[in-house]
$ cat coords_28.cif   # mmCIF, C-alpha atoms
data_final
#
loop_
_atom_site.label_atom_id
_atom_site.label_comp_id
_atom_site.auth_asym_id
_atom_site.auth_seq_id
_atom_site.Cartn_x
_atom_site.Cartn_y
_atom_site.Cartn_z
CA MET A 18 82.14 10.68 154.62
CA VAL A 19 81.06 8.58 157.66
CA SER A 20 84.65 8.67 158.89
CA ALA A 21 86.75 9.65 161.89
CA ARG A 22 89.21 11.20 159.42
CA PRO A 23 88.58 14.77 158.19
CA LYS A 24 87.32 14.83 154.62
CA ALA A 25 90.27 17.00 153.58
CA LEU A 26 92.65 14.14 154.43
CA HIS A 27 90.89 11.46 152.41
CA SER A 28 93.11 10.39 149.54
CA VAL A 29 92.73 10.69 145.77
CA GLY A 30 95.59 9.67 143.52
CA GLY A 31 97.80 8.97 146.51
CA LEU A 32 97.46 12.47 148.01
CA PRO A 33 95.03 14.02 150.50
CA LEU A 34 92.29 16.19 148.99
CA VAL A 35 93.76 19.29 150.61
CA GLU A 36 97.18 18.58 149.07
CA HIS A 37 95.74 18.74 145.57
CA LEU A 38 94.28 22.17 146.27
CA LEU A 39 97.44 23.47 147.92
CA ARG A 40 99.42 22.47 144.85
CA ALA A 41 96.91 23.86 142.38
CA ALA A 42 96.67 27.20 144.17
CA SER A 43 100.39 27.62 144.85
CA GLY A 44 101.87 30.42 142.81
CA VAL A 45 98.53 31.68 141.47
CA SER A 46 98.41 34.80 143.63
CA GLY A 47 101.95 34.77 145.00
CA THR A 48 100.77 34.59 148.61
CA PRO A 49 100.70 31.64 151.03
CA ALA A 50 97.54 29.55 151.21
CA LEU A 51 95.09 29.98 154.05
CA VAL A 52 92.94 27.01 155.03
CA VAL A 53 89.78 27.28 157.11
CA THR A 54 89.23 24.20 159.27
CA SER A 55 87.13 23.12 162.23
CA PRO A 56 88.73 23.29 165.69
CA ASP A 57 87.97 19.59 166.22
CA GLN A 58 90.33 18.46 163.42
CA PRO A 59 93.81 18.39 165.01
CA GLU A 60 94.98 15.77 162.49
CA LEU A 61 94.32 18.21 159.66
CA ASP A 62 95.98 21.06 161.55
CA ARG A 63 99.11 18.92 162.00
CA TYR A 64 99.19 18.10 158.30
CA LEU A 65 98.95 21.79 157.38
CA ARG A 66 101.57 22.94 159.87
CA GLY A 67 104.29 24.74 157.96
CA ARG A 68 102.33 24.35 154.71
CA ALA A 69 99.56 26.90 155.09
CA GLU A 70 98.08 29.38 157.53
CA VAL A 71 95.22 27.76 159.44
CA VAL A 72 92.09 29.56 160.61
CA HIS A 73 89.37 27.87 162.66
CA GLN A 74 85.67 28.22 161.89
CA GLU A 75 84.17 27.84 165.34
CA ARG A 76 80.65 26.93 164.17
CA PRO A 77 79.71 25.01 160.99
CA LEU A 78 77.51 27.71 159.45
CA GLY A 79 78.49 27.27 155.81
CA SER A 80 81.15 28.48 153.41
CA GLY A 81 80.25 32.15 153.80
CA ASP A 82 80.78 31.95 157.54
CA ALA A 83 84.06 30.09 156.91
CA LEU A 84 85.29 33.01 154.83
CA LEU A 85 84.25 35.46 157.55
CA ALA A 86 86.41 33.48 159.97
CA ALA A 87 89.37 34.23 157.70
CA ARG A 88 88.63 37.96 157.54
CA PRO A 89 91.27 39.07 160.08
CA ALA A 90 93.94 37.15 158.19
CA LEU A 91 92.90 38.68 154.85
CA GLU A 92 92.51 42.31 155.86
CA ALA A 93 95.74 43.36 154.13
CA SER A 94 94.87 41.57 150.89
CA GLY A 95 93.36 43.09 147.76
CA ALA A 96 91.57 39.96 146.58
CA ALA A 97 90.86 36.37 147.62
CA LEU A 98 90.92 33.23 145.50
CA VAL A 99 88.43 30.85 147.17
CA VAL A 100 88.51 27.12 146.41
CA PRO A 101 86.61 24.32 148.20
CA VAL A 102 88.81 21.57 149.56
CA ASP A 103 86.76 18.80 147.95
CA MET A 104 87.65 19.55 144.29
CA PRO A 105 90.91 17.60 143.85
CA LEU A 106 90.88 17.67 140.03
CA VAL A 107 90.70 21.41 139.42
CA ARG A 108 93.81 22.32 137.44
CA ALA A 109 96.37 24.93 138.41
CA SER A 110 95.99 26.35 134.89
CA THR A 111 92.26 26.85 135.46
CA LEU A 112 92.84 28.72 138.72
CA SER A 113 95.46 30.84 136.98
CA ARG A 114 92.97 31.69 134.20
CA LEU A 115 90.40 32.66 136.82
CA TRP A 116 92.91 34.89 138.59
CA GLU A 117 94.01 36.49 135.32
CA GLU A 118 90.36 37.10 134.40
CA PHE A 119 89.99 39.00 137.66
CA GLN A 120 93.19 40.97 137.12
CA ASP A 121 92.04 41.98 133.61
CA GLY A 122 88.62 43.15 134.79
CA SER A 123 87.40 46.31 136.44
CA GLY A 124 87.19 45.09 140.00
CA GLU A 125 84.42 42.58 139.38
CA GLY A 126 84.43 39.21 141.06
CA VAL A 127 84.89 36.10 138.92
CA LEU A 128 83.05 32.79 139.33
CA LEU A 129 83.96 29.41 137.80
CA THR A 130 80.94 27.73 136.21
CA ALA A 131 80.22 24.55 134.28
CA TRP A 132 77.31 22.95 132.41
CA SER A 133 75.86 19.84 134.01
CA GLU A 134 73.06 17.42 133.25
CA ARG A 135 72.65 16.98 136.99
CA ALA A 136 72.40 20.20 138.90
CA ASP A 137 70.98 18.63 142.07
CA SER A 138 74.18 19.01 144.09
CA PHE A 139 75.35 22.41 142.80
CA GLY A 140 74.15 25.96 142.92
CA ARG A 141 72.33 26.85 139.69
CA VAL A 142 73.44 30.07 137.96
CA LEU A 143 70.73 32.61 137.14
CA ARG A 144 71.18 35.29 134.48
CA ASP A 145 69.28 38.45 133.57
CA PRO A 146 67.96 39.13 130.04
CA GLU A 147 71.34 40.64 129.08
CA GLY A 148 73.13 37.46 130.16
CA ARG A 149 74.71 38.92 133.28
CA LEU A 150 74.86 36.81 136.44
CA SER A 151 71.94 37.73 138.67
CA GLY A 152 72.16 35.05 141.35
CA ILE A 153 72.87 31.47 142.35
CA VAL A 154 70.16 29.15 143.68
CA GLU A 155 71.18 26.17 145.80
CA ALA A 156 69.49 22.85 144.97
CA ALA A 157 68.47 22.48 148.63
CA ASP A 158 66.35 25.64 148.32
CA GLU A 159 64.84 25.08 144.88
CA ALA A 160 64.79 21.88 142.85
CA PRO A 161 66.58 22.40 139.55
CA PRO A 162 64.70 21.93 136.28
CA ALA A 163 65.28 18.86 134.16
CA GLY A 164 68.06 18.93 131.61
CA ALA A 165 71.40 20.67 131.45
CA ALA A 166 71.97 23.75 133.57
CA GLU A 167 74.81 26.15 134.24
CA VAL A 168 76.09 25.55 137.76
CA SER A 169 78.53 27.20 140.12
CA CYS A 170 81.69 25.19 140.84
CA GLY A 171 82.18 27.05 144.12
CA VAL A 172 85.48 28.60 142.98
CA TYR A 173 85.67 32.39 143.12
CA VAL A 174 87.95 35.41 143.03
CA PHE A 175 86.49 38.16 145.21
CA PRO A 176 87.65 41.76 145.46
CA LEU A 177 88.32 42.96 148.99
CA PRO A 178 86.94 44.77 150.95
CA GLU A 179 83.77 44.57 148.78
CA LEU A 180 83.47 40.93 149.82
CA TRP A 181 83.03 41.77 153.50
CA GLY A 182 80.23 44.23 152.82
CA ALA A 183 78.40 41.63 150.73
CA LEU A 184 78.87 38.90 153.34
CA ASP A 185 77.47 41.17 156.04
CA ARG A 186 74.22 41.21 154.04
CA VAL A 187 74.01 37.41 153.74
CA GLY A 188 71.77 35.79 156.33
CA THR A 189 70.96 32.19 157.19
CA ASP A 190 67.31 32.17 156.11
CA ASN A 191 67.58 29.17 153.82
CA ALA A 192 66.91 25.42 153.84
CA GLN A 193 70.26 24.59 155.43
CA GLY A 194 70.44 27.44 157.92
CA GLU A 195 73.87 28.43 156.60
CA ARG A 196 75.53 31.60 155.40
CA TYR A 197 75.81 30.82 151.70
CA LEU A 198 78.90 32.07 149.91
CA SER A 199 76.97 31.52 146.67
CA TRP A 200 74.74 34.51 147.50
CA VAL A 201 77.71 36.89 147.51
CA PRO A 202 78.27 37.35 143.70
CA ALA A 203 74.84 38.94 143.26
CA LEU A 204 75.56 41.36 146.14
CA LEU A 205 78.97 42.63 145.02
CA PRO A 206 78.74 46.34 144.13
CA SER A 207 80.91 45.84 141.05
CA GLY A 208 79.15 42.64 139.98
CA CYS A 209 80.57 39.24 139.11
CA ARG A 210 81.64 37.70 135.81
CA THR A 211 81.91 34.00 135.00
CA LEU A 212 84.52 31.72 133.47
CA THR A 213 83.28 28.37 132.16
CA VAL A 214 85.32 25.18 132.59
CA HIS A 215 84.65 22.53 129.95
CA ASP A 216 86.54 19.55 131.40
CA GLY A 217 83.85 17.74 133.38
CA THR A 218 86.38 16.16 135.74
CA GLU A 219 87.71 19.46 137.07
CA TRP A 220 84.60 20.30 139.05
CA LEU A 221 83.99 16.82 140.47
CA GLN A 222 83.35 17.27 144.18
CA VAL A 223 83.79 14.73 146.95
CA ASN A 224 81.02 14.56 149.53
CA ASP A 225 80.83 10.80 150.10
CA ARG A 226 82.67 7.57 149.33
CA VAL A 227 80.89 7.13 145.99
CA GLN A 228 82.11 10.52 144.79
CA LEU A 229 85.55 9.75 146.24
CA ALA A 230 85.74 6.67 144.02
CA ALA A 231 84.62 8.71 140.99
CA ALA A 232 87.32 11.30 141.66
CA GLU A 233 89.89 8.51 142.07
CA GLY A 234 88.94 7.04 138.72
CA ALA A 235 89.13 10.41 136.98
CA MET A 236 92.51 11.19 138.54
CA ARG A 237 93.86 7.78 137.53
CA SER A 238 92.65 8.28 133.97
CA ARG A 239 94.35 11.68 133.85
CA THR A 240 97.61 10.24 135.16
CA LEU A 241 97.65 7.34 132.71
CA HIS A 242 96.88 9.71 129.85
CA ARG A 243 99.90 11.81 130.88
CA LEU A 244 102.13 8.73 130.96
CA MET A 245 100.94 7.40 127.61
CA SER A 246 101.42 10.82 126.03
CA ALA A 247 105.02 10.67 127.25
CA GLY A 248 105.72 7.37 125.50
CA VAL A 249 104.63 4.75 128.04
CA THR A 250 102.67 1.72 126.85
CA VAL A 251 99.74 0.91 129.14
CA ARG A 252 98.32 -2.41 127.97
CA ASP A 253 94.98 -1.97 129.71
CA PRO A 254 94.29 1.43 131.30
CA SER A 255 91.14 0.07 132.95
CA ALA A 256 93.24 -2.46 134.87
CA THR A 257 96.27 -0.28 135.69
CA TRP A 258 96.60 1.93 138.75
CA ALA A 259 99.04 4.85 138.99
CA ASP A 260 99.06 7.59 141.62
CA CYS A 261 99.33 11.16 140.38
CA ASP A 262 103.00 11.67 141.36
CA VAL A 263 104.21 8.58 139.46
CA GLU A 264 106.85 9.13 136.75
CA VAL A 265 107.60 6.52 134.05
CA GLY A 266 110.16 6.74 131.24
CA PRO A 267 109.43 6.26 127.53
CA ASP A 268 109.21 2.79 125.98
CA THR A 269 108.35 1.24 129.33
CA VAL A 270 105.40 -1.18 129.28
CA LEU A 271 102.90 -1.37 132.13
CA GLU A 272 101.17 -4.74 131.95
CA PRO A 273 97.61 -5.27 133.28
CA ALA A 274 96.93 -5.26 137.03
CA THR A 275 100.03 -3.17 137.73
CA VAL A 276 99.80 -0.80 140.70
CA LEU A 277 102.17 2.17 141.14
CA ARG A 278 101.63 3.95 144.45
CA GLY A 279 103.16 7.02 146.02
CA GLN A 280 106.50 8.38 144.86
CA VAL A 281 107.38 5.85 142.15
CA ARG A 282 110.02 6.54 139.48
CA VAL A 283 110.42 4.01 136.67
CA GLY A 284 113.08 4.41 133.98
CA ARG A 285 112.86 3.75 130.27
CA ASP A 286 112.62 0.41 128.45
CA CYS A 287 111.22 -1.45 131.45
CA VAL A 288 108.47 -4.05 131.66
CA ILE A 289 106.39 -3.82 134.85
CA GLY A 290 103.81 -6.51 135.62
CA PRO A 291 101.44 -8.08 135.18
CA PHE A 292 100.24 -8.00 138.81
CA ALA A 293 103.22 -5.96 140.05
CA GLU A 294 102.87 -3.49 142.93
CA LEU A 295 105.48 -0.74 143.30
CA ILE A 296 105.28 1.62 146.28
CA ASP A 297 107.60 4.62 146.82
CA SER A 298 110.38 2.96 144.81
CA VAL A 299 112.92 3.95 142.15
CA ILE A 300 113.42 1.64 139.17
CA GLY A 301 116.30 2.09 136.72
CA ASP A 302 116.34 1.62 132.96
CA GLY A 303 115.81 -1.75 131.31
CA CYS A 304 114.36 -3.48 134.37
CA ARG A 305 111.84 -6.32 134.47
CA VAL A 306 109.49 -6.65 137.43
CA GLU A 307 106.90 -9.41 137.33
CA ARG A 308 104.09 -10.13 139.84
CA SER A 309 105.94 -8.98 142.95
CA GLN A 310 105.64 -6.26 145.57
CA LEU A 311 108.40 -3.64 145.91
CA ARG A 312 108.23 -1.03 148.66
CA SER A 313 110.67 1.84 149.34
CA CYS A 314 113.53 0.22 147.47
CA HIS A 315 115.91 1.08 144.64
CA LEU A 316 116.65 -0.95 141.51
CA ALA A 317 119.60 -0.02 139.32
CA ASP A 318 119.62 -0.54 135.55
CA GLY A 319 118.95 -3.99 134.14
CA VAL A 320 117.59 -5.61 137.30
CA ASP A 321 115.28 -8.60 136.89
CA VAL A 322 112.67 -9.43 139.54
CA GLY A 323 110.64 -12.55 138.84
CA PRO A 324 107.21 -13.48 140.19
CA PHE A 325 106.11 -13.77 143.84
CA ASN A 326 108.87 -11.75 145.47
CA ARG A 327 108.67 -9.19 148.26
CA VAL A 328 111.29 -6.44 148.24
CA ARG A 329 111.02 -4.40 151.41
CA PRO A 330 112.26 -0.95 152.49
CA GLY A 331 115.97 -0.19 152.54
CA THR A 332 116.86 -2.64 149.76
CA GLU A 333 119.15 -1.83 146.82
CA LEU A 334 119.35 -4.19 143.87
CA GLU A 335 122.38 -3.18 141.86
CA GLU A 336 122.95 -3.35 138.14
CA GLY A 337 122.15 -6.67 136.48
CA SER A 338 121.14 -8.42 139.72
CA HIS A 339 118.35 -10.98 139.77
CA LEU A 340 115.62 -12.19 142.11
CA GLY A 341 113.94 -15.41 140.98
CA THR A 342 110.81 -16.66 142.67
CA PHE A 343 109.51 -16.60 146.27
CA THR A 344 112.27 -14.48 147.78
CA GLU A 345 112.09 -11.75 150.42
CA VAL A 346 114.74 -9.05 150.71
CA VAL A 347 114.83 -6.29 153.33
CA ARG A 348 117.44 -3.66 154.33
CA SER A 349 119.96 -5.32 152.06
CA ARG A 350 122.22 -4.67 149.10
CA VAL A 351 122.32 -7.19 146.27
CA GLY A 352 125.47 -6.42 144.30
CA PRO A 353 125.95 -6.16 140.54
CA GLY A 354 125.17 -9.44 138.80
CA ALA A 355 124.29 -11.21 142.06
CA GLN A 356 121.61 -13.90 141.92
CA VAL A 357 118.99 -14.86 144.52
CA PRO A 358 117.03 -17.38 142.45
CA HIS A 359 114.61 -19.32 144.68
CA LEU A 360 112.90 -19.51 148.06
CA SER A 361 115.30 -17.30 150.04
CA TYR A 362 115.18 -14.67 152.77
CA ILE A 363 117.86 -11.99 152.65
CA GLY A 364 117.69 -9.59 155.60
CA ASP A 365 120.27 -7.02 156.76
CA ALA A 366 122.77 -8.44 154.28
CA ASP A 367 125.37 -7.13 151.87
CA LEU A 368 125.78 -9.43 148.88
CA GLY A 369 128.79 -8.55 146.76
CA PRO A 370 129.09 -8.70 142.97
CA ASP A 371 128.41 -12.04 141.24
CA VAL A 372 127.23 -13.80 144.41
CA ASN A 373 124.93 -16.77 143.90
CA VAL A 374 122.50 -17.74 146.66
CA GLY A 375 121.39 -21.37 146.50
CA ALA A 376 117.71 -22.23 146.71
CA GLY A 377 116.22 -22.12 150.20
CA SER A 378 119.12 -20.19 151.75
CA ILE A 379 118.48 -17.51 154.37
CA THR A 380 120.24 -14.97 156.53
CA ALA A 381 119.22 -15.51 160.15
CA ASN A 382 119.52 -11.84 161.12
CA TRP A 383 117.59 -11.73 164.43
CA ASP A 384 119.32 -12.94 167.58
CA GLY A 385 116.36 -12.26 169.85
CA LEU A 386 117.55 -8.79 170.79
CA GLN A 387 118.66 -7.00 167.64
CA LYS A 388 119.10 -7.33 163.90
CA ARG A 389 122.62 -8.34 162.86
CA ALA A 390 124.40 -8.11 159.53
CA THR A 391 125.60 -10.71 157.04
CA VAL A 392 128.28 -10.02 154.42
CA VAL A 393 128.84 -12.26 151.40
CA GLU A 394 131.79 -11.09 149.36
CA GLU A 395 132.26 -11.06 145.61
CA GLY A 396 131.90 -14.33 143.72
CA ALA A 397 130.87 -16.42 146.74
CA ARG A 398 128.51 -19.36 146.23
CA LEU A 399 125.99 -20.43 148.85
CA GLY A 400 124.88 -24.05 148.59
CA THR A 401 121.21 -24.97 148.72
CA ASP A 402 119.59 -24.50 152.15
CA THR A 403 122.51 -22.60 153.66
CA ILE A 404 121.62 -20.76 156.86
CA LEU A 405 123.91 -17.82 157.63
CA VAL A 406 123.60 -16.98 161.33
CA ALA A 407 124.47 -13.28 161.65
CA PRO A 408 126.81 -11.66 162.33
CA VAL A 409 128.87 -13.61 159.82
CA ARG A 410 131.02 -13.02 156.73
CA VAL A 411 131.56 -15.29 153.74
CA GLY A 412 134.81 -14.37 152.04
CA ARG A 413 135.52 -13.63 148.41
CA GLY A 414 135.03 -16.67 146.15
CA ALA A 415 134.14 -18.97 149.07
CA TYR A 416 131.58 -21.79 148.97
CA THR A 417 129.20 -23.28 151.49
CA GLY A 418 127.99 -26.86 151.37
CA ALA A 419 124.31 -27.59 150.87
CA GLY A 420 122.35 -27.71 154.14
CA SER A 421 125.07 -25.98 156.15
CA VAL A 422 124.44 -23.78 159.17
CA ILE A 423 127.20 -21.18 159.05
CA THR A 424 127.91 -19.55 162.41
CA GLN A 425 131.54 -18.52 161.85
CA ASP A 426 133.26 -16.44 159.19
CA VAL A 427 134.28 -18.33 156.05
CA PRO A 428 137.75 -17.32 154.74
CA PRO A 429 138.11 -16.32 151.09
CA GLY A 430 138.38 -19.22 148.68
CA SER A 431 137.26 -21.78 151.29
CA LEU A 432 134.52 -24.40 151.40
CA ALA A 433 132.47 -24.33 154.60
CA VAL A 434 130.47 -27.43 155.53
CA SER A 435 128.51 -27.52 158.78
CA ARG A 436 126.09 -30.43 159.09
CA THR A 437 125.81 -33.76 160.92
CA ARG A 438 126.89 -36.96 159.23
CA GLN A 439 124.02 -38.95 157.70
CA ARG A 440 123.17 -42.21 159.53
CA ASN A 441 120.59 -44.69 158.17
CA LEU A 442 118.70 -46.68 160.85
CA GLN A 443 117.57 -49.86 159.16
CA GLY A 444 114.03 -51.06 159.99
CA TRP A 445 113.22 -47.98 162.02
CA VAL A 446 109.88 -47.21 160.33
CA ALA A 447 108.40 -50.70 160.69
CA GLY A 448 109.57 -51.05 164.27
CA HIS A 449 108.37 -47.64 165.26
CA ARG A 450 104.88 -48.25 163.84
CA ALA A 451 104.63 -51.66 165.56
CA GLY A 452 105.72 -50.19 168.86
CA ALA A 453 108.51 -52.77 169.12
CA ARG A 454 111.04 -50.21 170.29
CA PRO A 455 110.36 -47.60 172.95
CA ALA A 456 110.53 -44.01 171.72
CA ALA A 457 113.19 -43.15 174.30
CA GLU A 458 115.43 -45.95 172.99
CA VAL A 459 115.03 -44.76 169.39
CA ARG A 460 115.83 -41.18 170.38
CA ALA A 461 118.90 -42.31 172.27
CA GLU A 462 120.16 -44.21 169.22
CA GLU A 463 119.43 -41.26 166.90
CA GLU A 464 121.40 -38.96 169.19
CA GLY A 465 124.36 -41.37 169.19
#
$ encode --input "coords_28.cif" --output "structure tokens"
Amino acid sequence: MVSARPKALHSVGGLPLVEHLLRAASGVSGTPALVVTSPDQPELDRYLRGRAEVVHQERPLGSGDALLAARPALEASGAALVVPVDMPLVRASTLSRLWEEFQDGSGEGVLLTAWSERADSFGRVLRDPEGRLSGIVEAADEAPPAGAAEVSCGVYVFPLPELWGALDRVGTDNAQGERYLSWVPALLPSGCRTLTVHDGTEWLQVNDRVQLAAAEGAMRSRTLHRLMSAGVTVRDPSATWADCDVEVGPDTVLEPATVLRGQVRVGRDCVIGPFAELIDSVIGDGCRVERSQLRSCHLADGVDVGPFNRVRPGTELEEGSHLGTFTEVVRSRVGPGAQVPHLSYIGDADLGPDVNVGAGSITANWDGLQKRATVVEEGARLGTDTILVAPVRVGRGAYTGAGSVITQDVPPGSLAVSRTRQRNLQGWVAGHRAGARPAAEVRAEEEG
């Protein structure tokens, strides 16, 4: 991957590769997952802590050696389901079918195979004249023939302890100097059957950034197909991005260039986009979100967010509230029916129901040491370019005059005006340009 990050932690569909496999394998055998890692991957070990048992493979001698490293942890088991970490699209249903195939057999191992036009990165399945599996040849050891070939996906169910006896017979005399797990099926005393997977995306493997992008595209296509099947309109699937955990209600429309990342929940009858980005946010029913970014926030039903807004973590927009254009809201509550139409910053604020924020108004929430809160009570009206210097409270139904700097609480039903009286200095521009009046004299006059 040419990366300081372990391959298992590279992301597809908003989740690390290893997370996809943990989810797919959970519940198949009824036992906790065991993950074999390298000892030089503490970041991966931390991610798996409490999620899976971790075993270290001390030397990188291939997948067979990795399974041998897990032998002490598997001694009490009757069988092992083995899945490579770089197959994020294999379905839980496929792993369950593989496990059931093993349970229904007579102690034989079971191998997942597929048919591929390009067998140059997979082990090629060999069969005897009766059609039974006789071996697997890695592409590094023997170039595959042209055309389609049956290949091993690297997913197995092995009976134990037969597996250990077979692995003891596997050496490292091959092109890569590794202990191939793919040699084991032919060495099992009871033999090995195959189960073919027909969905070409399930066995996509990730070994570099190109394959990572291919897996991302396949996962996105699968997610959008799921959403559309559930009643979501996706105007242009090729220009819409949705992570695999995204949920969207029926009759919602996703316009082109919409991005839904992480844990996003969108209700029904919404219109999202175009050019909207939602990250880890919950959107109620009947909402409209245009080309804006929303991160870790909550929108109640009927909220309207216009273009070019940034809604940051800790924000709640309550029912029927509205953000217009070029606003930023963070750690704030915008009450039912409240309006923040234009060019405003609302930080650490609580706006009550039916509040209207005049264009260009802001809450000055940072005093140089800590963030402080602003409260605007129900029905209050902030005049254009009002600056509310927190901590401050504007009472119920109160008004502020345009251009006011509010540093004290405004009582309910009051009008607060805080600005200097306008004075017009006749001839100032011409005199200033001609240098007829010293700058100090002009400043003194301006300051009264």
$ resolve_selection --input "coords_28.cif" --expression "the PyMOL selection byres ((chain A and resi 342-357) around 7)" --output "ChimeraX atom specification"
/A:323-341,358-374
$ atom_distance --input "coords_28.cif" --atom1 "atom CA of A:Leu129" --atom2 "atom CA of A:Glu75"
27.6 Å
$ resolve_selection --input "coords_28.cif" --expression "the PyMOL selection byres ((chain A and resi 303-311) around 6)" --output "JSON, numbers by chain"
{"A": [286, 287, 288, 289, 290, 291, 292, 293, 294, 295, 302, 312, 318, 319, 320, 321, 322, 323, 324, 325, 326, 327, 328]}
$ resolve_selection --input "coords_28.cif" --expression "the PyMOL selection byres ((chain A and resi 38) around 8)" --output "PyMOL selection string"
chain A and resi 34-37+39-42+100+102+104-105+107
$ atom_distance --input "coords_28.cif" --atom1 "atom CA of A:Arg141" --atom2 "atom CA of A:Phe175"
18.9 Å
$ closest_residue --input "coords_28.cif" --among "A:Ala203, A:Leu112, A:Val71, A:Leu106" --to "A:Thr240" --atoms "only C-alpha atoms"
A:Leu106
$ closest_residue --input "coords_28.cif" --among "A:Ala259, A:Ala231, A:Ala397, A:Ala83" --to "A:Arg243" --atoms "all atoms listed in the file"
A:Ala259
$ atom_distance --input "coords_28.cif" --atom1 "atom CA of A:Gly67" --atom2 "atom CA of A:Ser46"
18.5 Å
$ residues_near_point --input "coords_28.cif" --point "(129.3, -33.6, 156.2)" --cutoff "12 Å" --atoms "all atoms listed in the file" --output "list in words"
Thr417, Gly418, Ala419, Gly420, Ser421, Val422, Leu432, Ala433, Val434, Ser435, Arg436, Thr437, Arg438, Gln439 and Arg440 of chain A
$ residues_around --input "coords_28.cif" --residues "A:Gly430" --least-positions-apart "4" --cutoff "8 Å" --atoms "all atoms listed in the file" --output "mmCIF file with C-alpha atoms, keeping the file's coordinate frame"
data_model
loop_
_atom_site.group_PDB
_atom_site.id
_atom_site.type_symbol
_atom_site.label_atom_id
_atom_site.label_comp_id
_atom_site.auth_asym_id
_atom_site.auth_seq_id
_atom_site.Cartn_x
_atom_site.Cartn_y
_atom_site.Cartn_z
ATOM 1 C CA GLY A 412 134.810 -14.370 152.040
ATOM 2 C CA ARG A 413 135.520 -13.630 148.410
ATOM 3 C CA GLY A 414 135.030 -16.670 146.150
ATOM 4 C CA ALA A 415 134.140 -18.970 149.070
ATOM 5 C CA TYR A 416 131.580 -21.790 148.970
#
$ build_atoms --input "coords_28.cif" --residues "stretch 298-312 of chain A" --atoms "N, CA and C atoms" --output "PDB file, keeping the file's coordinate frame"
ATOM      1  N   SER A 298     109.141   3.610 145.231  1.00  0.00           N
ATOM      2  CA  SER A 298     110.380   2.960 144.810  1.00  0.00           C
ATOM      3  C   SER A 298     110.924   3.609 143.544  1.00  0.00           C
ATOM      4  N   VAL A 299     112.236   3.434 143.328  1.00  0.00           N
ATOM      5  CA  VAL A 299     112.920   3.950 142.150  1.00  0.00           C
ATOM      6  C   VAL A 299     113.437   2.777 141.332  1.00  0.00           C
ATOM      7  N   ILE A 300     113.066   2.735 140.057  1.00  0.00           N
ATOM      8  CA  ILE A 300     113.420   1.640 139.170  1.00  0.00           C
ATOM      9  C   ILE A 300     114.259   2.208 138.027  1.00  0.00           C
ATOM     10  N   GLY A 301     115.409   1.602 137.766  1.00  0.00           N
ATOM     11  CA  GLY A 301     116.300   2.090 136.720  1.00  0.00           C
ATOM     12  C   GLY A 301     115.812   1.721 135.329  1.00  0.00           C
ATOM     13  N   ASP A 302     116.676   1.944 134.348  1.00  0.00           N
ATOM     14  CA  ASP A 302     116.340   1.620 132.960  1.00  0.00           C
ATOM     15  C   ASP A 302     116.481   0.127 132.694  1.00  0.00           C
ATOM     16  N   GLY A 303     115.666  -0.369 131.768  1.00  0.00           N
ATOM     17  CA  GLY A 303     115.810  -1.750 131.310  1.00  0.00           C
ATOM     18  C   GLY A 303     115.532  -2.800 132.352  1.00  0.00           C
ATOM     19  N   CYS A 304     114.685  -2.513 133.318  1.00  0.00           N
ATOM     20  CA  CYS A 304     114.360  -3.480 134.370  1.00  0.00           C
ATOM     21  C   CYS A 304     113.118  -4.284 134.005  1.00  0.00           C
ATOM     22  N   ARG A 305     113.020  -5.457 134.634  1.00  0.00           N
ATOM     23  CA  ARG A 305     111.840  -6.320 134.470  1.00  0.00           C
ATOM     24  C   ARG A 305     111.345  -6.677 135.856  1.00  0.00           C
ATOM     25  N   VAL A 306     110.090  -6.323 136.140  1.00  0.00           N
ATOM     26  CA  VAL A 306     109.490  -6.650 137.430  1.00  0.00           C
ATOM     27  C   VAL A 306     108.183  -7.376 137.164  1.00  0.00           C
ATOM     28  N   GLU A 307     108.123  -8.644 137.531  1.00  0.00           N
ATOM     29  CA  GLU A 307     106.900  -9.410 137.330  1.00  0.00           C
ATOM     30  C   GLU A 307     105.998  -9.293 138.570  1.00  0.00           C
ATOM     31  N   ARG A 308     105.127 -10.252 138.804  1.00  0.00           N
ATOM     32  CA  ARG A 308     104.090 -10.130 139.840  1.00  0.00           C
ATOM     33  C   ARG A 308     104.685 -10.203 141.231  1.00  0.00           C
ATOM     34  N   SER A 309     105.278  -9.090 141.663  1.00  0.00           N
ATOM     35  CA  SER A 309     105.940  -8.980 142.950  1.00  0.00           C
ATOM     36  C   SER A 309     105.587  -7.642 143.573  1.00  0.00           C
ATOM     37  N   GLN A 310     105.862  -7.524 144.877  1.00  0.00           N
ATOM     38  CA  GLN A 310     105.640  -6.260 145.570  1.00  0.00           C
ATOM     39  C   GLN A 310     106.979  -5.642 145.955  1.00  0.00           C
ATOM     40  N   LEU A 311     107.190  -4.374 145.580  1.00  0.00           N
ATOM     41  CA  LEU A 311     108.400  -3.640 145.910  1.00  0.00           C
ATOM     42  C   LEU A 311     107.986  -2.384 146.672  1.00  0.00           C
ATOM     43  N   ARG A 312     108.572  -2.181 147.833  1.00  0.00           N
ATOM     44  CA  ARG A 312     108.230  -1.030 148.660  1.00  0.00           C
ATOM     45  C   ARG A 312     109.496  -0.320 149.130  1.00  0.00           C
TER      46      ARG A 312
END
